[in-house]
Amino acid sequence: MQIKTFHLAFLLLLAVPAIAQNSSGYLDQSGAWQWEHDNGTPGSSTGQLIFNVNNPSLDRSATEFLVAYSQYGGERYHLLFGSDAAATYFIYDTYVYVVDPKQLQNLELDVDQVTAAGETIIYGTQCSSISGTWEYTYVTGGHGYWKASNIPCNPLNWAPNKWHHIVIQSHRVGDVVTHDWVRFDNDRVRFFTKATAPSGLFLNWTPGVLLINFQVDGASANSGTIQGYFDKLQIWRR
């Protein structure tokens, strides 16, 4: 019984940002969000954000996202949220609600950090219906790519009209990023296996910049609409 209790306490500790001590505060209500079609996806997309949504919400101020897409187009929402060239641990912590998950091919959740040397480090993960896993980013030959992981995830199978809590931790040594673990809803913490790879690009961004991405990709070869909400979105770092 003592072993089980300790094991549970250990998992709960990992599921909250115990390592990363500094919070960005809730970012979902920032008026500085920007968005555009992601040229890395095919087709087209147009997006919109609606702030201070009372229902559905967890704190009476969720942010609604609306995307009209065609041919698997993806819309990228992004926000500059701080400056820190030295941090090495990041946790992406958010609640996400999707009205019709069958419209959602991928949900991408990234943090970008620019080091003092001007290198942009990409801490990227996405729940992908293509591989059916949590994919992670790596860089080779000056380009970024996605790689399937050992952790299953498929947004097409998510429960509709329900809040889902997503917490993801990653860290770096230099420009080599290790994707540590992810927790989805009340499931146990799941650890990535061998998910360590170079993840830096020189993009001429200002040193110290911290940027968050929230991207949704359409699941239809024709056209469709992705409607959902995010709430209590924050980034922890150390």
# chains A, B, ... in the order shown; residues from 1 in each chain; ligands from 1

call {"tool": "residues_around", "arguments": {"residues": "range 108-117 of chain A", "least_positions_apart": "3", "cutoff": "6 Å", "atoms": "only C-alpha atoms", "output": "number ranges by chain"}}
result
A: 85, 120-126, 207-215

call {"tool": "closest_atom_pairs", "arguments": {"of": "range 12-89 of chain A", "to": "range 157-164 of chain A", "cutoff": "10 Å", "atoms": "only C-alpha atoms", "output": "tab-separated table"}}
result
residue	atom	partner	partner_atom	distance
A:Pro56	CA	A:Trp163	CA	8.8
A:Ser57	CA	A:Trp163	CA	8.6
A:Leu58	CA	A:Trp163	CA	8.6

call {"tool": "write_last_selection", "arguments": {"atoms": "all heavy atoms", "output": "PDB file, in the first residue's frame"}}
result
ATOM      1  N   PRO A  56     -18.863  27.696 -23.534  1.00  0.00           N
ATOM      2  CA  PRO A  56     -18.225  26.943 -22.456  1.00  0.00           C
ATOM      3  C   PRO A  56     -16.926  27.616 -22.005  1.00  0.00           C
ATOM      4  O   PRO A  56     -16.221  28.215 -22.813  1.00  0.00           O
ATOM      5  CB  PRO A  56     -17.926  25.598 -23.101  1.00  0.00           C
ATOM      6  CG  PRO A  56     -17.691  25.947 -24.547  1.00  0.00           C
ATOM      7  CD  PRO A  56     -18.641  27.071 -24.851  1.00  0.00           C
ATOM      8  N   SER A  57     -16.629  27.501 -20.737  1.00  0.00           N
ATOM      9  CA  SER A  57     -15.363  27.983 -20.203  1.00  0.00           C
ATOM     10  C   SER A  57     -15.144  27.352 -18.840  1.00  0.00           C
ATOM     11  O   SER A  57     -16.071  26.800 -18.237  1.00  0.00           O
ATOM     12  CB  SER A  57     -15.353  29.516 -20.083  1.00  0.00           C
ATOM     13  OG  SER A  57     -16.159  29.933 -19.012  1.00  0.00           O
ATOM     14  N   LEU A  58     -13.918  27.457 -18.357  1.00  0.00           N
ATOM     15  CA  LEU A  58     -13.571  26.969 -17.024  1.00  0.00           C
ATOM     16  C   LEU A  58     -13.483  28.093 -16.017  1.00  0.00           C
ATOM     17  O   LEU A  58     -13.539  27.862 -14.819  1.00  0.00           O
ATOM     18  CB  LEU A  58     -12.236  26.213 -17.083  1.00  0.00           C
ATOM     19  CG  LEU A  58     -12.220  24.980 -17.982  1.00  0.00           C
ATOM     20  CD1 LEU A  58     -10.794  24.507 -18.217  1.00  0.00           C
ATOM     21  CD2 LEU A  58     -13.060  23.862 -17.384  1.00  0.00           C
TER      22      LEU A  58
END

call {"tool": "residues_around", "arguments": {"residues": "Ile226 in chain A", "least_positions_apart": "5", "cutoff": "7 Å", "atoms": "only C-alpha atoms", "output": "PyMOL selection string"}}
result
chain A and resi 66-68+103-104

call {"tool": "write_last_selection", "arguments": {"atoms": "N, CA, C and O atoms", "output": "tab-separated table (two decimals), in the first residue's frame"}}
result
chain	number	residue	atom	x	y	z
A	66	LEU	N	-12.08	29.74	-34.48
A	66	LEU	CA	-12.88	29.32	-35.63
A	66	LEU	C	-11.98	29.27	-36.85
A	66	LEU	O	-11.27	30.25	-37.14
A	67	VAL	N	-11.99	28.16	-37.57
A	67	VAL	CA	-11.16	28.02	-38.75
A	67	VAL	C	-12.01	27.45	-39.89
A	67	VAL	O	-12.64	26.40	-39.73
A	68	ALA	N	-12.06	28.15	-41.00
A	68	ALA	CA	-12.63	27.62	-42.24
A	68	ALA	C	-11.47	27.17	-43.11
A	68	ALA	O	-10.55	27.96	-43.38
A	103	GLN	N	-13.27	17.01	-37.54
A	103	GLN	CA	-12.73	18.02	-38.45
A	103	GLN	C	-11.25	18.31	-38.20
A	103	GLN	O	-10.63	19.05	-38.97
A	104	LEU	N	-10.70	17.72	-37.14
A	104	LEU	CA	-9.35	18.09	-36.69
A	104	LEU	C	-8.34	16.99	-37.02
A	104	LEU	O	-8.33	15.93	-36.39

call {"tool": "atom_distance", "arguments": {"atom1": "CA of Thr46 in chain A", "atom2": "CA of Gln105 in chain A"}}
result
16.0 Å

call {"tool": "residues_around", "arguments": {"residues": "range 216-225 of chain A", "least_positions_apart": "5", "cutoff": "9 Å", "atoms": "only C-alpha atoms", "output": "PyMOL selection string"}}
result
chain A and resi 38+41+43+45+66-77+100+102-108+129+156

call {"tool": "closest_residue", "arguments": {"among": "A:Ser128, A:Gln21, A:Asn154, A:Thr88", "to": "Val173 in chain A", "atoms": "only C-alpha atoms"}}
result
A:Thr88

call {"tool": "closest_residue", "arguments": {"among": "A:Trp236, A:Phe192, A:Phe184, A:Tyr138", "to": "Ala87 in chain A", "atoms": "only C-alpha atoms"}}
result
A:Trp236

call {"tool": "select_by_dssp", "arguments": {"residues": "range 147-191 of chain A", "states": "strand (DSSP E)", "output": "list in words"}}
result
Lys147, Trp163, His164, His165, Ile166, Val167, Ile168, Gln169, Ser170, His171, Arg172, Val173, Val176, Val177, Thr178, His179, Asp180, Trp181, Val182, Arg183, Phe184, Arg190 and Phe191 of chain A

call {"tool": "residues_around", "arguments": {"residues": "Glu119 in chain A", "least_positions_apart": "6", "cutoff": "8 Å", "atoms": "only C-alpha atoms", "output": "PyMOL selection string"}}
result
chain A and resi 175+200-205+207

call {"tool": "closest_residue", "arguments": {"among": "A:Trp181, A:Ser199, A:Val96, A:Gly174", "to": "Trp146 in chain A", "atoms": "only C-alpha atoms"}}
result
A:Ser199

call {"tool": "select_by_dssp", "arguments": {"residues": "range 1-233 of chain A", "states": "alpha helix (DSSP H)", "output": "PyMOL selection string"}}
result
chain A and resi 2-14

call {"tool": "atom_distance", "arguments": {"atom1": "CA of Asn186 in chain A", "atom2": "CA of Phe90 in chain A"}}
result
20.6 Å

call {"tool": "atom_distance", "arguments": {"atom1": "CA of Tyr89 in chain A", "atom2": "CA of Ser170 in chain A"}}
result
6.1 Å

call {"tool": "closest_atom_pairs", "arguments": {"of": "range 58-96 of chain A", "to": "range 22-36 of chain A", "cutoff": "8 Å", "atoms": "only C-alpha atoms", "output": "CSV"}}
result
residue,atom,partner,partner_atom,distance
A:Ser61,CA,A:Gln29,CA,7.4
A:Ala62,CA,A:Asp28,CA,7.1
A:Thr63,CA,A:Asp28,CA,6.1
A:Glu75,CA,A:Glu36,CA,5.7
A:Arg76,CA,A:Trp35,CA,5.5
A:Tyr77,CA,A:Trp35,CA,4.3
A:His78,CA,A:Gln34,CA,5.5
A:Leu79,CA,A:Trp33,CA,4.9
A:Leu80,CA,A:Ala32,CA,7.6
A:Phe81,CA,A:Ser24,CA,7.2
A:Gly82,CA,A:Ser24,CA,7.7

call {"tool": "write_last_selection", "arguments": {"atoms": "N, CA, C and O atoms", "output": "JSON list (two decimals), in the first residue's frame"}}
result
[["chain", "number", "residue", "atom", "x", "y", "z"],
["A", 61, "SER", "N", -13.97, 32.93, -19.06],
["A", 61, "SER", "CA", -13.27, 33.76, -20.04],
["A", 61, "SER", "C", -12.42, 32.90, -20.97],
["A", 61, "SER", "O", -11.20, 33.09, -21.07],
["A", 62, "ALA", "N", -13.04, 31.93, -21.63],
["A", 62, "ALA", "CA", -12.34, 31.12, -22.60],
["A", 62, "ALA", "C", -12.16, 31.90, -23.90],
["A", 62, "ALA", "O", -12.78, 32.94, -24.12],
["A", 63, "THR", "N", -11.30, 31.39, -24.77],
["A", 63, "THR", "CA", -11.10, 31.98, -26.10],
["A", 63, "THR", "C", -11.57, 30.98, -27.15],
["A", 63, "THR", "O", -11.14, 29.83, -27.16],
["A", 75, "GLU", "N", -4.42, 26.41, -39.72],
["A", 75, "GLU", "CA", -4.35, 27.79, -39.25],
["A", 75, "GLU", "C", -3.49, 27.83, -37.99],
["A", 75, "GLU", "O", -3.70, 27.06, -37.04],
["A", 76, "ARG", "N", -2.51, 28.74, -38.00],
["A", 76, "ARG", "CA", -1.58, 28.87, -36.88],
["A", 76, "ARG", "C", -1.88, 30.14, -36.09],
["A", 76, "ARG", "O", -1.83, 31.25, -36.63],
["A", 77, "TYR", "N", -2.18, 29.97, -34.80],
["A", 77, "TYR", "CA", -2.35, 31.09, -33.87],
["A", 77, "TYR", "C", -1.06, 31.21, -33.07],
["A", 77, "TYR", "O", -0.53, 30.20, -32.58],
["A", 78, "HIS", "N", -0.54, 32.44, -32.90],
["A", 78, "HIS", "CA", 0.74, 32.58, -32.21],
["A", 78, "HIS", "C", 0.76, 33.87, -31.41],
["A", 78, "HIS", "O", 0.05, 34.84, -31.71],
["A", 79, "LEU", "N", 1.62, 33.85, -30.38],
["A", 79, "LEU", "CA", 1.68, 34.97, -29.44],
["A", 79, "LEU", "C", 3.09, 35.09, -28.89],
["A", 79, "LEU", "O", 3.68, 34.12, -28.42],
["A", 80, "LEU", "N", 3.66, 36.31, -28.94],
["A", 80, "LEU", "CA", 4.89, 36.61, -28.21],
["A", 80, "LEU", "C", 4.52, 36.84, -26.75],
["A", 80, "LEU", "O", 3.70, 37.71, -26.45],
["A", 81, "PHE", "N", 5.12, 36.07, -25.85],
["A", 81, "PHE", "CA", 4.66, 36.16, -24.46],
["A", 81, "PHE", "C", 5.77, 36.48, -23.46],
["A", 81, "PHE", "O", 5.50, 36.54, -22.25],
["A", 82, "GLY", "N", 6.99, 36.70, -23.91],
["A", 82, "GLY", "CA", 8.03, 37.02, -22.94],
["A", 82, "GLY", "C", 9.40, 37.03, -23.57],
["A", 82, "GLY", "O", 9.56, 36.91, -24.79]]

call {"tool": "closest_residue", "arguments": {"among": "A:Gly40, A:Pro155, A:Pro101, A:Gly228", "to": "His143 in chain A", "atoms": "only C-alpha atoms"}}
result
A:Gly40

call {"tool": "closest_residue", "arguments": {"among": "A:Tyr95, A:Ile166, A:Ala86, A:Val176", "to": "Thr140 in chain A", "atoms": "only C-alpha atoms"}}
result
A:Val176

call {"tool": "closest_residue", "arguments": {"among": "A:Asp84, A:Tyr136, A:His37, A:Val99", "to": "Phe230 in chain A", "atoms": "only C-alpha atoms"}}
result
A:Val99
